[in-house]
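S.K.: Here you go, this is data_13.txt (compact mmCIF, C-alpha atoms).
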# COMPACT_ATOMS: atom_id res chain seq x y z
CA MET A 1 -15.55 -19.77 -5.03
CA ALA A 2 -16.05 -22.50 -7.62
CA LYS A 3 -13.69 -25.45 -7.40
CA ALA A 4 -12.37 -24.91 -10.93
CA GLU A 5 -11.54 -21.26 -10.20
CA ARG A 6 -9.89 -22.17 -6.91
CA THR A 7 -7.80 -24.85 -8.61
CA TYR A 8 -6.74 -22.35 -11.28
CA GLU A 9 -5.66 -19.80 -8.66
CA LEU A 10 -3.71 -22.38 -6.63
CA ILE A 11 -1.82 -23.62 -9.69
CA ARG A 12 -1.19 -20.06 -10.90
CA ASP A 13 0.27 -19.20 -7.50
CA LEU A 14 2.57 -22.22 -7.68
CA LEU A 15 3.78 -21.16 -11.13
CA LEU A 16 4.39 -17.58 -10.03
CA GLY A 17 6.14 -18.63 -6.85
CA SER A 18 9.33 -20.62 -6.39
CA ALA A 19 7.83 -24.11 -6.66
CA TYR A 20 8.95 -24.49 -10.27
CA LYS A 21 11.87 -23.31 -12.39
CA PRO A 22 11.80 -22.20 -16.04
CA GLY A 23 11.82 -25.26 -18.25
CA ASP A 24 10.25 -27.56 -15.66
CA LYS A 25 7.67 -29.99 -17.02
CA LEU A 26 4.18 -30.10 -15.51
CA THR A 27 1.89 -33.10 -15.24
CA GLU A 28 -1.76 -33.22 -14.32
CA ALA A 29 -1.06 -35.89 -11.70
CA SER A 30 1.64 -33.93 -9.87
CA LEU A 31 -0.37 -30.71 -9.92
CA ALA A 32 -3.49 -32.50 -8.70
CA ARG A 33 -1.51 -33.79 -5.71
CA ALA A 34 0.03 -30.37 -5.07
CA VAL A 35 -3.28 -28.51 -4.93
CA GLY A 36 -5.50 -31.31 -3.63
CA ALA A 37 -7.78 -31.47 -6.65
CA SER A 38 -8.89 -34.05 -9.18
CA ARG A 39 -7.46 -34.09 -12.68
CA THR A 40 -10.51 -32.54 -14.35
CA PRO A 41 -10.23 -29.05 -12.78
CA VAL A 42 -6.44 -29.28 -13.13
CA ARG A 43 -6.83 -29.98 -16.85
CA GLU A 44 -9.18 -27.01 -17.20
CA ALA A 45 -6.75 -24.80 -15.28
CA LEU A 46 -3.86 -25.84 -17.53
CA ARG A 47 -5.84 -24.97 -20.65
CA ARG A 48 -6.60 -21.53 -19.24
CA LEU A 49 -3.01 -20.98 -18.08
CA HIS A 50 -1.75 -21.93 -21.53
CA THR A 51 -4.11 -19.43 -23.17
CA GLU A 52 -2.90 -16.72 -20.79
CA GLY A 53 0.78 -17.51 -21.42
CA PHE A 54 1.66 -18.92 -18.00
CA ILE A 55 2.73 -22.24 -19.50
CA GLU A 56 3.90 -23.59 -22.84
CA TRP A 57 2.42 -26.66 -24.47
CA GLU A 58 4.21 -28.81 -27.04
CA HIS A 59 2.99 -31.92 -28.81
CA ASN A 60 4.44 -35.12 -27.31
CA ILE A 61 6.06 -33.09 -24.52
CA GLY A 62 3.16 -31.53 -22.66
CA ALA A 63 3.11 -28.51 -20.40
CA ARG A 64 6.18 -26.76 -19.09
CA ILE A 65 7.24 -23.45 -17.55
CA PRO A 66 8.38 -20.88 -20.17
CA GLU A 67 12.03 -19.88 -20.08
CA TRP A 68 12.82 -16.16 -20.08
CA SER A 69 16.43 -15.03 -19.86
CA PRO A 70 17.24 -11.53 -18.56
CA GLU A 71 18.17 -10.61 -22.14
CA ASP A 72 14.80 -11.86 -23.41
CA LEU A 73 13.00 -9.76 -20.81
CA TRP A 74 15.10 -6.68 -21.53
CA ASP A 75 14.39 -6.88 -25.25
CA LEU A 76 10.69 -7.58 -24.79
CA PHE A 77 10.12 -4.67 -22.43
CA THR A 78 12.26 -2.34 -24.57
CA VAL A 79 10.05 -2.98 -27.60
CA ARG A 80 6.94 -2.82 -25.43
CA ALA A 81 7.97 0.60 -24.10
CA GLN A 82 8.25 1.99 -27.62
CA LEU A 83 4.91 0.56 -28.74
CA GLU A 84 3.03 1.43 -25.58
CA GLY A 85 4.49 4.92 -25.65
CA ALA A 86 3.19 5.34 -29.19
CA VAL A 87 -0.21 4.01 -28.09
CA ALA A 88 -0.35 6.51 -25.20
CA GLN A 89 0.64 9.37 -27.52
CA ARG A 90 -2.31 8.63 -29.78
CA ALA A 91 -4.69 7.91 -26.92
CA ALA A 92 -4.05 11.38 -25.48
CA HIS A 93 -5.75 12.91 -28.51
CA ARG A 94 -8.53 10.34 -28.93
CA ILE A 95 -9.57 9.21 -25.46
CA THR A 96 -13.17 9.89 -24.47
CA ALA A 97 -14.36 11.45 -21.22
CA GLU A 98 -15.88 8.10 -20.26
CA GLU A 99 -12.63 6.21 -20.84
CA LEU A 100 -10.70 8.82 -18.90
CA GLU A 101 -13.06 8.42 -15.95
CA GLN A 102 -12.69 4.64 -16.11
CA LEU A 103 -8.91 5.07 -15.91
CA ARG A 104 -9.25 7.42 -12.95
CA ASP A 105 -11.43 4.87 -11.17
CA LEU A 106 -8.94 2.07 -11.79
CA SER A 107 -6.08 4.28 -10.62
CA ARG A 108 -7.91 5.11 -7.37
CA ARG A 109 -8.70 1.46 -6.74
CA MET A 110 -5.09 0.39 -7.32
CA GLU A 111 -3.81 3.05 -4.95
CA ALA A 112 -6.30 2.03 -2.27
CA MET A 113 -5.17 -1.59 -2.57
CA ALA A 114 -1.52 -0.54 -2.42
CA GLU A 115 -2.20 1.46 0.74
CA GLN A 116 -4.18 -1.30 2.48
CA ALA A 117 -1.66 -4.00 1.48
CA GLU A 118 -4.03 -6.86 2.27
CA PRO A 119 -3.14 -10.48 1.35
CA GLY A 120 -3.14 -10.96 -2.41
CA HIS A 121 -3.20 -7.23 -3.10
CA LEU A 122 -0.35 -7.33 -5.62
CA ASP A 123 -2.17 -9.84 -7.82
CA GLN A 124 -5.33 -7.74 -7.59
CA ILE A 125 -3.37 -4.63 -8.57
CA ALA A 126 -1.82 -6.55 -11.49
CA GLU A 127 -5.30 -7.42 -12.74
CA LEU A 128 -6.54 -3.83 -12.49
CA ASN A 129 -3.32 -2.62 -14.09
CA GLY A 130 -4.03 -4.89 -17.05
CA ARG A 131 -7.47 -3.32 -17.42
CA PHE A 132 -5.92 0.16 -17.20
CA HIS A 133 -3.48 -0.53 -20.02
CA HIS A 134 -6.16 -2.23 -22.10
CA ILE A 135 -8.35 0.89 -21.96
CA VAL A 136 -5.38 3.03 -23.01
CA MET A 137 -4.75 0.66 -25.89
CA ASN A 138 -8.36 0.86 -27.05
CA ALA A 139 -8.34 4.64 -26.70
CA SER A 140 -5.53 4.90 -29.26
CA ARG A 141 -8.05 3.85 -31.96
CA ASN A 142 -5.15 2.18 -33.79
CA GLN A 143 -5.84 -1.50 -34.38
CA ARG A 144 -2.44 -2.26 -35.89
CA LEU A 145 -0.52 -0.84 -32.95
CA SER A 146 -2.90 -2.48 -30.49
CA SER A 147 -2.44 -5.88 -32.12
CA LEU A 148 1.34 -5.58 -32.01
CA LEU A 149 1.25 -4.52 -28.37
CA SER A 150 -1.14 -7.29 -27.35
CA ALA A 151 1.36 -9.86 -28.61
CA LEU A 152 4.03 -8.38 -26.31
CA VAL A 153 2.03 -8.02 -23.10
CA GLN A 154 2.63 -11.32 -21.34
CA VAL A 155 0.23 -11.77 -18.42
CA PRO A 156 2.63 -13.91 -16.34
CA LEU A 157 5.35 -11.28 -16.63
CA VAL A 158 2.96 -8.58 -15.45
CA TYR A 159 2.07 -10.65 -12.38
CA ARG A 160 5.71 -11.49 -11.67
CA THR A 161 6.68 -7.84 -11.97
CA PHE A 162 4.13 -6.72 -9.41
CA ARG A 163 5.10 -9.53 -7.04
CA GLN A 164 8.65 -8.14 -6.99
CA TYR A 165 7.62 -4.57 -6.22
CA ASP A 166 8.57 -3.15 -2.87
CA ARG A 167 6.64 -0.19 -1.46
CA ASP A 168 8.76 2.39 -3.31
CA ALA A 169 8.45 0.63 -6.68
CA LEU A 170 4.70 0.25 -6.24
CA SER A 171 4.36 3.91 -5.30
CA ARG A 172 6.34 4.89 -8.40
CA SER A 173 4.06 2.77 -10.60
CA MET A 174 0.96 4.43 -9.12
CA ALA A 175 2.50 7.88 -9.66
CA HIS A 176 3.09 7.04 -13.33
CA HIS A 177 -0.60 6.20 -13.70
CA ARG A 178 -1.60 9.52 -12.16
CA GLU A 179 0.72 11.50 -14.40
CA VAL A 180 -0.45 9.71 -17.54
CA LEU A 181 -4.00 10.69 -16.58
CA VAL A 182 -2.99 14.33 -16.26
CA ALA A 183 -1.28 14.18 -19.66
CA PHE A 184 -4.43 12.66 -21.16
CA ALA A 185 -6.62 15.32 -19.55
CA ASN A 186 -4.39 17.96 -21.15
CA ARG A 187 -4.40 16.18 -24.52
CA ASP A 188 -0.60 16.21 -24.46
CA GLY A 189 0.55 13.24 -26.51
CA GLU A 190 4.29 13.73 -26.07
CA TRP A 191 3.93 13.97 -22.29
CA ALA A 192 1.78 10.83 -22.18
CA GLN A 193 4.27 9.00 -24.38
CA SER A 194 7.21 9.95 -22.18
CA ILE A 195 5.55 8.87 -18.94
CA MET A 196 4.27 5.61 -20.38
CA GLN A 197 7.73 4.70 -21.62
CA SER A 198 9.20 5.50 -18.19
CA HIS A 199 6.51 3.32 -16.64
CA ILE A 200 7.47 0.32 -18.80
CA TYR A 201 11.20 0.90 -18.36
CA SER A 202 10.70 0.85 -14.58
CA ALA A 203 8.94 -2.53 -14.86
CA ARG A 204 11.72 -3.74 -17.15
CA SER A 205 14.34 -2.91 -14.53
CA THR A 206 12.41 -4.69 -11.78
CA LEU A 207 11.92 -7.89 -13.76
CA THR A 208 15.38 -8.13 -15.33
CA ASN A 209 17.06 -7.43 -11.99
CA MET A 210 15.04 -10.31 -10.55
CA GLY A 211 16.26 -12.53 -13.39
CA ARG A 212 19.89 -11.56 -12.84
CA ALA A 213 19.57 -12.22 -9.11
CA LYS A 214 18.45 -15.77 -9.89
CA ASN A 215 21.17 -16.17 -12.58
CA PRO A 216 24.17 -14.13 -11.37
CA ASP A 217 26.43 -15.39 -14.15
CA THR A 218 24.15 -13.94 -16.84
CA GLU A 219 24.99 -10.52 -18.26
CA SER A 220 23.01 -8.18 -20.46
CA ASP A 221 24.20 -5.73 -23.12
Just give me the structure of the file as structure tokens.
M.R.:
Amino acid sequence: MAKAERTYELIRDLLLGSAYKPGDKLTEASLARAVGASRTPVREALRRLHTEGFIEWEHNIGARIPEWSPEDLWDLFTVRAQLEGAVAQRAAHRITAEELEQLRDLSRRMEAMAEQAEPGHLDQIAELNGRFHHIVMNASRNQRLSSLLSALVQVPLVYRTFRQYDRDALSRSMAHHREVLVAFANRDGEWAQSIMQSHIYSARSTLTNMGRAKNPDTESD
């Protein structure tokens, strides 16, 4: 593995773990010491992590960990469920046989990883899950909806969600994928919409419960 890629993965793991809290500032020097790398690959990693939404960057302040309250997460995933449900409803009528087979392949690979449970499997599943949802989004053939949804799908939140999944939650997520595929195969838009919304609401519950556990004094409407 290239040094730059390895540095990126090490820093990403630190950000997704418990090493930093929301709002914490990040410096190239401290990260270089933490991952045993020089500043150049660290700088490249920070640029990439900023693009992907893992960190925020402000002029004269620098990099820091984004702050998401349980209420922020609840609202974001609520809107995402409505949009992604609408995307799935349209995709059910417009998806091609090739796209459907790609989704089946991704679903099988995610389930195999979930079953084997090898080190790093949740991050690998998160990556494949992103590809799964991206294909569904493209299959909707609706650029406006896709653009709105893309702005809501935060990569770090997807990774954090999967890292909180226990075996039952992961199994439920895989089952949602399978059922969406059946709805697509039957060209049933309402069915696909319903399952996709349930899928996002399940993720919403996992992530907001995690946030409340870390901030027990915070309440949500």
S.K.: If we count only C-alpha atoms, what is near A:Phe132 at a cut-off of 9 Å, once residues fewer than 4 positions away on the same chain are taken out, given as a count of residues only?
M.R.: 9
S.K.: Compare A:Ile200, A:Leu10, A:Ala4, A:Ala34 by their minimum atom-to-atom distance to A:Gln82, counting only C-alpha atoms, and give me the closest one.
M.R.: A:Ile200
S.K.: Work out how far apart atom CA of A:Arg64 and atom CA of A:Ser30 are and give it in Å to one decimal.
M.R.: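 A separation of 12.5 Å between them.
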S.K.: Set out as CSV a contact list for stretch 3-101 of chain A and stretch 140-148 of chain A with a cut-off of 9 Å, giving each residue of stretch 3-101 of chain A that qualifies its closest atom pair and distance in Å to one decimal, counting all atoms listed in the file, ordered by chain and rising residue number.
M.R.:
residue,atom,partner,partner_atom,distance
A:Leu83,CA,A:Leu145,CA,7.0
A:Glu84,CA,A:Leu145,CA,8.5
A:Ala86,CA,A:Leu145,CA,8.1
A:Val87,CA,A:Ser140,CA,5.5
A:Ala88,CA,A:Ser140,CA,6.8
A:Gln89,CA,A:Ser140,CA,7.8
A:Arg90,CA,A:Ser140,CA,5.0
A:Ala91,CA,A:Ser140,CA,3.9
A:Ala92,CA,A:Ser140,CA,7.6
A:His93,CA,A:Ser140,CA,8.0
A:Arg94,CA,A:Ser140,CA,6.2
A:Ile95,CA,A:Ser140,CA,7.0
S.K.: What's the separation between atom CA of A:Leu122 and atom CA of A:Lys25, in Å to one decimal place?
M.R.: 26.6 Å
S.K.: Within 12 Å of (12.4, -7.7, -25.4) in the file's own coordinates, which protein, DNA or RNA residues have an atom, counting all atoms listed in the file? List them as a JSON list (two decimals) with C-alpha atoms, in the frame of the given file.
M.R.:
[["chain", "number", "residue", "atom", "x", "y", "z"],
["A", 68, "TRP", "CA", 12.82, -16.16, -20.08],
["A", 69, "SER", "CA", 16.43, -15.03, -19.86],
["A", 70, "PRO", "CA", 17.24, -11.53, -18.56],
["A", 71, "GLU", "CA", 18.17, -10.61, -22.14],
["A", 72, "ASP", "CA", 14.80, -11.86, -23.41],
["A", 73, "LEU", "CA", 13.00, -9.76, -20.81],
["A", 74, "TRP", "CA", 15.10, -6.68, -21.53],
["A", 75, "ASP", "CA", 14.39, -6.88, -25.25],
["A", 76, "LEU", "CA", 10.69, -7.58, -24.79],
["A", 77, "PHE", "CA", 10.12, -4.67, -22.43],
["A", 78, "THR", "CA", 12.26, -2.34, -24.57],
["A", 79, "VAL", "CA", 10.05, -2.98, -27.60],
["A", 80, "ARG", "CA", 6.94, -2.82, -25.43],
["A", 81, "ALA", "CA", 7.97, 0.60, -24.10],
["A", 82, "GLN", "CA", 8.25, 1.99, -27.62],
["A", 83, "LEU", "CA", 4.91, 0.56, -28.74],
["A", 149, "LEU", "CA", 1.25, -4.52, -28.37],
["A", 151, "ALA", "CA", 1.36, -9.86, -28.61],
["A", 152, "LEU", "CA", 4.03, -8.38, -26.31],
["A", 153, "VAL", "CA", 2.03, -8.02, -23.10],
["A", 154, "GLN", "CA", 2.63, -11.32, -21.34],
["A", 157, "LEU", "CA", 5.35, -11.28, -16.63],
["A", 200, "ILE", "CA", 7.47, 0.32, -18.80],
["A", 201, "TYR", "CA", 11.20, 0.90, -18.36],
["A", 204, "ARG", "CA", 11.72, -3.74, -17.15],
["A", 207, "LEU", "CA", 11.92, -7.89, -13.76],
["A", 208, "THR", "CA", 15.38, -8.13, -15.33],
["A", 220, "SER", "CA", 23.01, -8.18, -20.46]]
S.K.: Looking at all atoms listed in the file, which of A:Phe162, A:Ala139, A:Gly36, A:Tyr20 is the one that sits closest to A:His121?
M.R.: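 Closest to A:His121, using all atoms listed in the file: A:Phe162.
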S.K.: Please determine the residues with any atom at most 12 Å from (-9.0, 5.4, -11.5) (coordinates as given in the file, with only C-alpha atoms counting) and report them as a PyMOL selection string.
M.R.: chain A and resi 98-113+125+128-129+131-133+135+174-175+177-182
S.K.: Please enclose the listed atoms of stretch 188-200 of chain A in an axis-aligned box, pad each side by 3 Å, and write out the centre and the three edge lengths in Å, rounded to one decimal, as JSON.
M.R.:
{"center_x": 4.3, "center_y": 8.3, "center_z": -21.6, "size_x": 15.8, "size_y": 21.9, "size_z": 15.9}
S.K.: Pick from A:Ala97, A:Ile11, A:Leu31, A:Arg163: nearest to A:Ala185, with all atoms listed in the file counted?
M.R.: A:Ala97
S.K.: So how many Å separate atom CA of A:Ser173 and atom CA of A:Ala203, to one decimal?
M.R.: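 Computing the Euclidean distance for atom CA of A:Ser173 and atom CA of A:Ala203 yields 8.4 Å.
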S.K.: Pick from A:Glu67, A:Glu5, A:His199, A:Ser18: nearest to A:Arg43, with all atoms listed in the file counted?
M.R.: A:Glu5
S.K.: Tell me which of A:Gly120, A:Gly62, A:Gly85, A:Gly130 sits closest to A:Gln193, counting only C-alpha atoms.
M.R.: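 Once distances to A:Gln193 are computed over only C-alpha atoms, the minimum belongs to A:Gly85.
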S.K.: Can you pull out every residue within 10 Å of A:Asp24, counting all atoms listed in the file, but drop anything in the same chain fewer than 5 positions away, and send it as an MDAnalysis selection string?
M.R.: chainID A and resid 19 55 63:67
S.K.: Would you mind telling me which residue in A:Pro156, A:Gly17, A:Gly23, A:Gly53 lies nearest to A:Ala126 when using only C-alpha atoms?
M.R.: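 With only C-alpha atoms as the atom set, the closest residue is A:Pro156.
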